[in-house]
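S.K.: Contents of run_29.cif (mmCIF, C-alpha atoms):
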```cif
data_protein
loop_
_atom_site.label_atom_id
_atom_site.label_comp_id
_atom_site.auth_asym_id
_atom_site.auth_seq_id
_atom_site.Cartn_x
_atom_site.Cartn_y
_atom_site.Cartn_z
CA MET A 25 191.49 197.13 -203.09
CA SER A 26 189.09 197.17 -200.13
CA PRO A 27 190.37 197.95 -196.62
CA LEU A 28 190.47 195.18 -194.05
CA ASN A 29 187.55 195.22 -191.61
CA ILE A 30 189.45 194.28 -188.46
CA LYS A 31 188.18 195.54 -185.13
CA LYS A 32 190.72 197.33 -182.98
CA GLY A 33 192.26 194.88 -180.53
CA SER A 34 191.10 191.85 -182.46
CA THR A 35 193.70 189.12 -182.85
CA LYS A 36 191.50 186.17 -183.77
CA HIS A 37 192.55 186.12 -187.43
CA SER A 38 195.69 188.20 -187.28
CA ALA A 39 199.32 187.45 -186.58
CA TYR A 40 199.74 190.94 -185.09
CA ASN A 41 198.74 192.16 -181.67
CA LEU A 42 196.55 195.15 -182.45
CA ARG A 43 195.72 195.86 -178.80
CA SER A 44 197.13 199.01 -177.33
CA ASN A 45 199.64 198.53 -174.50
CA PHE A 46 198.42 201.76 -172.91
CA SER A 47 195.66 201.78 -170.33
CA ASP A 48 192.87 204.36 -170.27
CA VAL A 49 192.13 203.68 -166.60
CA GLN A 50 192.68 206.64 -164.28
CA GLU A 51 194.45 205.69 -161.03
CA THR A 52 195.13 207.74 -157.92
CA HIS A 53 198.67 207.47 -156.57
CA THR A 54 200.39 208.88 -153.49
CA LEU A 55 203.98 209.94 -154.14
CA ALA A 56 206.52 210.70 -151.41
CA VAL A 57 209.36 212.89 -152.67
CA LEU A 58 212.43 213.62 -150.52
CA VAL A 59 214.06 216.87 -151.62
CA ALA A 60 216.77 219.28 -150.55
CA ASN A 61 215.25 221.99 -148.35
CA GLU A 62 216.30 225.01 -150.36
CA PRO A 63 214.50 227.91 -152.07
CA GLY A 64 212.75 227.13 -155.34
CA VAL A 65 212.57 223.33 -155.02
CA LEU A 66 208.82 223.25 -154.43
CA ALA A 67 208.29 225.62 -157.37
CA ARG A 68 210.29 223.28 -159.63
CA VAL A 69 208.29 220.24 -158.55
CA ILE A 70 204.98 222.05 -159.00
CA GLY A 71 206.19 223.45 -162.32
CA LEU A 72 206.71 219.90 -163.57
CA PHE A 73 203.02 219.16 -162.95
CA SER A 74 201.60 222.40 -164.30
CA GLY A 75 203.88 222.49 -167.33
CA ARG A 76 202.64 219.11 -168.49
CA GLY A 77 198.99 219.56 -167.57
CA TYR A 78 198.97 217.09 -164.65
CA ASN A 79 196.69 217.76 -161.71
CA ILE A 80 197.64 217.62 -158.03
CA ASP A 81 194.78 216.40 -155.83
CA SER A 82 196.66 216.94 -152.57
CA LEU A 83 200.02 218.46 -151.60
CA THR A 84 201.79 218.61 -148.25
CA VAL A 85 205.34 219.78 -147.57
CA ALA A 86 207.40 219.83 -144.39
CA GLU A 87 211.02 219.69 -143.33
CA VAL A 88 211.77 216.20 -141.99
CA ASP A 89 215.51 216.46 -141.25
CA HIS A 90 216.70 219.84 -140.02
CA ALA A 91 220.36 218.81 -139.83
CA GLY A 92 220.29 217.24 -143.30
CA HIS A 93 218.20 220.06 -144.83
CA THR A 94 215.73 217.56 -146.23
CA SER A 95 212.00 218.09 -146.83
CA ARG A 96 209.29 215.61 -147.73
CA ILE A 97 206.69 216.47 -150.34
CA THR A 98 203.63 214.20 -150.37
CA ILE A 99 201.66 214.46 -153.60
CA VAL A 100 198.39 212.73 -154.46
CA THR A 101 197.76 212.75 -158.20
CA THR A 102 195.57 210.96 -160.71
CA GLY A 103 196.49 209.62 -164.13
CA THR A 104 196.91 206.58 -166.30
CA PRO A 105 199.68 204.15 -165.31
CA GLN A 106 201.84 205.56 -168.10
CA VAL A 107 201.35 209.14 -166.87
CA ILE A 108 202.19 208.14 -163.28
CA GLU A 109 205.40 206.43 -164.46
CA GLN A 110 206.28 209.52 -166.50
CA ILE A 111 205.71 211.77 -163.46
CA LYS A 112 207.95 209.59 -161.27
CA ALA A 113 210.72 209.52 -163.89
CA GLN A 114 210.58 213.29 -164.41
CA LEU A 115 210.56 213.97 -160.66
CA GLY A 116 213.66 211.79 -160.29
CA ARG A 117 215.52 213.92 -162.86
CA ILE A 118 215.06 217.19 -160.96
CA VAL A 119 218.44 217.93 -159.35
CA PRO A 120 217.44 218.65 -155.70
CA VAL A 121 215.20 215.53 -155.57
CA HIS A 122 216.85 212.75 -153.54
CA GLU A 123 214.20 209.99 -153.67
CA VAL A 124 210.79 209.36 -155.25
CA HIS A 125 208.53 206.67 -153.75
CA ASP A 126 205.14 205.61 -155.08
CA LEU A 127 203.46 204.56 -151.84
CA THR A 128 200.48 203.17 -153.75
CA VAL A 129 202.62 200.58 -155.57
CA GLU A 130 205.35 199.87 -153.00
CA GLY A 131 203.04 198.11 -150.57
CA GLY A 132 200.92 199.16 -147.65
CA SER A 133 200.87 202.75 -146.50
CA VAL A 134 199.13 204.82 -143.87
CA GLU A 135 197.39 208.00 -145.07
CA ARG A 136 195.84 210.64 -142.85
CA GLU A 137 194.42 214.10 -143.31
CA LEU A 138 193.41 216.81 -140.85
CA ALA A 139 190.43 219.09 -141.44
CA LEU A 140 188.84 221.99 -139.59
CA ILE A 141 185.12 222.30 -140.29
CA LYS A 142 183.00 225.28 -139.26
CA VAL A 143 179.24 224.70 -138.93
CA GLU A 144 176.56 227.22 -137.95
CA ALA A 145 173.54 225.81 -136.15
CA SER A 146 171.11 226.45 -133.31
CA GLY A 147 168.65 224.44 -131.25
CA GLU A 148 168.23 220.75 -132.05
CA LYS A 149 170.74 220.92 -134.90
CA ARG A 150 173.51 221.56 -132.34
CA VAL A 151 172.67 218.29 -130.59
CA GLU A 152 172.71 216.46 -133.94
CA LEU A 153 176.10 218.01 -134.80
CA LEU A 154 177.62 216.82 -131.52
CA ARG A 155 176.18 213.33 -132.00
CA LEU A 156 177.65 213.04 -135.51
CA ALA A 157 180.99 214.44 -134.32
CA ASP A 158 181.09 211.76 -131.62
CA ILE A 159 180.43 209.01 -134.20
CA PHE A 160 183.27 210.29 -136.41
CA ARG A 161 185.54 211.00 -133.41
CA ALA A 162 185.73 214.65 -134.40
CA GLN A 163 186.68 217.09 -131.65
CA VAL A 164 185.09 220.45 -130.94
CA VAL A 165 187.97 222.97 -130.96
CA ASP A 166 185.83 226.12 -130.86
CA SER A 167 182.26 226.79 -129.83
CA THR A 168 180.05 229.88 -129.85
CA LEU A 169 176.30 230.25 -129.40
CA GLN A 170 175.92 230.16 -133.21
CA SER A 171 178.66 227.80 -134.42
CA PHE A 172 181.08 224.94 -133.85
CA VAL A 173 184.52 224.34 -135.31
CA PHE A 174 185.30 220.63 -135.50
CA GLN A 175 188.71 219.01 -135.95
CA ILE A 176 188.73 215.61 -137.66
CA THR A 177 191.66 213.39 -138.53
CA GLY A 178 191.46 210.31 -140.72
CA THR A 179 191.56 209.04 -144.25
CA PRO A 180 190.47 211.45 -146.98
CA GLU A 181 187.32 209.33 -147.44
CA LYS A 182 186.42 209.72 -143.76
CA VAL A 183 186.91 213.49 -143.94
CA ASP A 184 184.79 213.63 -147.13
CA ALA A 185 182.00 211.65 -145.47
CA PHE A 186 181.97 213.95 -142.41
CA VAL A 187 181.92 217.08 -144.59
CA ASP A 188 179.04 215.67 -146.65
CA LEU A 189 177.02 215.08 -143.47
CA MET A 190 177.70 218.63 -142.28
CA ARG A 191 176.44 220.30 -145.50
CA PRO A 192 172.70 220.09 -144.76
CA LEU A 193 173.30 220.99 -141.10
CA GLY A 194 174.84 224.41 -141.78
CA LEU A 195 178.38 223.92 -143.14
CA VAL A 196 180.12 227.29 -143.48
CA GLU A 197 183.79 226.63 -144.16
CA VAL A 198 186.31 223.79 -144.53
CA ALA A 199 190.11 223.89 -144.24
CA ARG A 200 192.07 220.71 -145.07
CA THR A 201 195.77 219.96 -144.67
CA GLY A 202 196.16 217.49 -147.50
CA VAL A 203 197.32 213.89 -147.21
CA ALA A 204 200.29 212.91 -145.07
CA ALA A 205 201.44 209.36 -145.81
CA LEU A 206 204.10 206.85 -144.76
CA SER A 207 204.81 203.32 -145.93
CA ARG A 208 204.08 200.53 -143.49
CA GLY A 209 206.67 198.17 -142.11
CA VAL A 210 210.43 198.43 -142.33
#
```
Rewrite the coordinates I just gave you, this time as structure tokens.
M.R.:
Amino acid sequence: MSPLNIKKGSTKHSAYNLRSNFSDVQETHTLAVLVANEPGVLARVIGLFSGRGYNIDSLTVAEVDHAGHTSRITIVTTGTPQVIEQIKAQLGRIVPVHEVHDLTVEGGSVERELALIKVEASGEKRVELLRLADIFRAQVVDSTLQSFVFQITGTPEKVDAFVDLMRPLGLVEVARTGVAALSRGV
């Protein structure tokens, strides 16, 4: 008997849906995780990602309620929709985790990042650096005769764009905080 020559996903002459329900599209999601502020919680959350081979693009952690001993972990990660759902479900099963919110799916959110950027330059390049910093609303937080340290706050894309412009002008070092995010509205 000869095998059927049916293309994957084709349903024109078949009673069966041969299309995969899983998407191959990589999506970036921002997750806000409220956890108990106790030793080892961050290690458990990070262990979940590393143990399953998931990557963390950005990570910020801070205590948000001193009296309630609660911290907020903001994680930016990339994966297929199925992987993101799996991450959220597994985070929710960790005992000291109180809440898991996918800010990307739950509606509008505000995301900001802070970066310090050190650039070495002299002469006309210094004037160009100050002009670009003004356009991006970056502030000079340190200045010597050979270098500037700029502080910039904004979306990760804005920070990336500013860093890319600084590369040919003498970029030396970059320090970034990672994304801090909150949902909009009530």
S.K.: How would you write, as a list in words, the residues chosen by the PyMOL selection byres ((chain A and resi 192) around 12) on this structure?
M.R.: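 For this structure, the PyMOL selection byres ((chain A and resi 192) around 12) resolves to Val143, Glu144, Ala145, Lys149, Glu152, Leu153, Phe186, Val187, Asp188, Leu189, Met190, Arg191, Leu193, Gly194, Leu195 and Val196 of chain A.
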S.K.: Can you spit out the residues from that selection as an mmCIF file, keeping the file's coordinate frame, using C-alpha atoms?
M.R.:
```cif
data_model
loop_
_atom_site.group_PDB
_atom_site.id
_atom_site.type_symbol
_atom_site.label_atom_id
_atom_site.label_comp_id
_atom_site.auth_asym_id
_atom_site.auth_seq_id
_atom_site.Cartn_x
_atom_site.Cartn_y
_atom_site.Cartn_z
ATOM 1 C CA VAL A 143 179.240 224.700 -138.930
ATOM 2 C CA GLU A 144 176.560 227.220 -137.950
ATOM 3 C CA ALA A 145 173.540 225.810 -136.150
ATOM 4 C CA LYS A 149 170.740 220.920 -134.900
ATOM 5 C CA GLU A 152 172.710 216.460 -133.940
ATOM 6 C CA LEU A 153 176.100 218.010 -134.800
ATOM 7 C CA PHE A 186 181.970 213.950 -142.410
ATOM 8 C CA VAL A 187 181.920 217.080 -144.590
ATOM 9 C CA ASP A 188 179.040 215.670 -146.650
ATOM 10 C CA LEU A 189 177.020 215.080 -143.470
ATOM 11 C CA MET A 190 177.700 218.630 -142.280
ATOM 12 C CA ARG A 191 176.440 220.300 -145.500
ATOM 13 C CA LEU A 193 173.300 220.990 -141.100
ATOM 14 C CA GLY A 194 174.840 224.410 -141.780
ATOM 15 C CA LEU A 195 178.380 223.920 -143.140
ATOM 16 C CA VAL A 196 180.120 227.290 -143.480
#
```
S.K.: Quick one: pull the distance between CA of Arg136 (chain A) and CA of Ile99 (chain A), Å, one decimal.
M.R.: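 These atoms are spaced 12.8 Å apart.
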S.K.: Between CA of Ile111 (chain A) and CA of Ala56 (chain A), what is the distance, to one decimal in Å?
M.R.: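 Atom-to-atom, CA of Ile111 (chain A) to CA of Ala56 (chain A), that is 12.1 Å.
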S.K.: Of the residues A:Ala139, A:Leu127, A:Ile159, A:Ala86, which is the one nearest to Val100 (chain A), using only C-alpha atoms?
M.R.: A:Leu127
S.K.: So the first atom is CA of Ser82 (chain A) and the second is CA of Lys142 (chain A); what is the distance between them in Å, to one decimal place?
M.R.: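 Interatomic distance here is 20.8 Å.
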S.K.: From (197.8, 214.4, -141.6), in the file's coordinates, out to 12 Å: which residues are reached, counting only C-alpha atoms? Answer as a ChimeraX atom specification.
M.R.: /A:82-86,98,134-140,175-180,183,200-206
S.K.: Which residues come within 12 Å of Val88 (chain A), counting all atoms listed in the file, excluding same-chain residues fewer than 5 positions away, as a PyMOL selection string?
M.R.: chain A and resi 57-61+93-98
S.K.: For each of A:Lys112, A:Gly147, A:Glu62, A:Gln50, take the minimum atom-to-atom distance to Glu87 (chain A), counting all atoms listed in the file, then give the residue where this is smallest.
M.R.: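 Between A:Lys112, A:Gly147, A:Glu62, A:Gln50, the residue approaching Glu87 (chain A) most closely is A:Glu62.
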S.K.: Identify which of the residues A:Glu51, A:Asp184, A:Glu197, A:Glu123 lies closest to Ile108 (chain A), counting all atoms listed in the file when measuring atom-to-atom distances.
M.R.: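 Looking only at the distances to Ile108 (chain A), the closest residue turns out to be A:Glu51.
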S.K.: Considering all atoms listed in the file, return as a PyMOL selection string whatever protein or nucleic-acid residues lie within 10 Å of Arg68 (chain A), sequence-local ones (same chain, fewer than 4 positions apart) excluded.
M.R.: chain A and resi 63-64+72-74+115+118-120
S.K.: Contacts of Glu109 (chain A) at 12 Å or less, counting all atoms listed in the file, minus same-chain residues fewer than 2 places along, as a PDB file with C-alpha atoms, keeping the file's coordinate frame?
M.R.:
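Okay, result-v2.pdb is ready:
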```
ATOM      1  CA  PHE A  46     198.420 201.760-172.910  1.00  0.00           C
ATOM      2  CA  GLU A  51     194.450 205.690-161.030  1.00  0.00           C
ATOM      3  CA  HIS A  53     198.670 207.470-156.570  1.00  0.00           C
ATOM      4  CA  LEU A  55     203.980 209.940-154.140  1.00  0.00           C
ATOM      5  CA  THR A 101     197.760 212.750-158.200  1.00  0.00           C
ATOM      6  CA  THR A 102     195.570 210.960-160.710  1.00  0.00           C
ATOM      7  CA  GLY A 103     196.490 209.620-164.130  1.00  0.00           C
ATOM      8  CA  THR A 104     196.910 206.580-166.300  1.00  0.00           C
ATOM      9  CA  PRO A 105     199.680 204.150-165.310  1.00  0.00           C
ATOM     10  CA  GLN A 106     201.840 205.560-168.100  1.00  0.00           C
ATOM     11  CA  VAL A 107     201.350 209.140-166.870  1.00  0.00           C
ATOM     12  CA  ILE A 111     205.710 211.770-163.460  1.00  0.00           C
ATOM     13  CA  LYS A 112     207.950 209.590-161.270  1.00  0.00           C
ATOM     14  CA  ALA A 113     210.720 209.520-163.890  1.00  0.00           C
ATOM     15  CA  GLN A 114     210.580 213.290-164.410  1.00  0.00           C
ATOM     16  CA  LEU A 115     210.560 213.970-160.660  1.00  0.00           C
ATOM     17  CA  GLY A 116     213.660 211.790-160.290  1.00  0.00           C
ATOM     18  CA  VAL A 124     210.790 209.360-155.250  1.00  0.00           C
ATOM     19  CA  HIS A 125     208.530 206.670-153.750  1.00  0.00           C
ATOM     20  CA  ASP A 126     205.140 205.610-155.080  1.00  0.00           C
ATOM     21  CA  VAL A 129     202.620 200.580-155.570  1.00  0.00           C
TER      22      VAL A 129
END
```
S.K.: Set up a box along x, y and z of the file covering all listed atoms of region 88-103 of chain A, add 5 Å on every one of the six sides, and write the centre and edge lengths in Å to one decimal, as lines of an AutoDock Vina configuration file.
M.R.:
```
center_x = 208.0
center_y = 214.8
center_z = -152.0
size_x = 34.8
size_y = 20.4
size_z = 34.3
```
S.K.: Given the choices A:Arg150, A:Arg161, A:Arg117, A:Arg208, which gets closest to Lys182 (chain A) if the distance is worked out from all atoms listed in the file?
M.R.: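 The shortest atom-to-atom distance to Lys182 (chain A) comes from A:Arg161.
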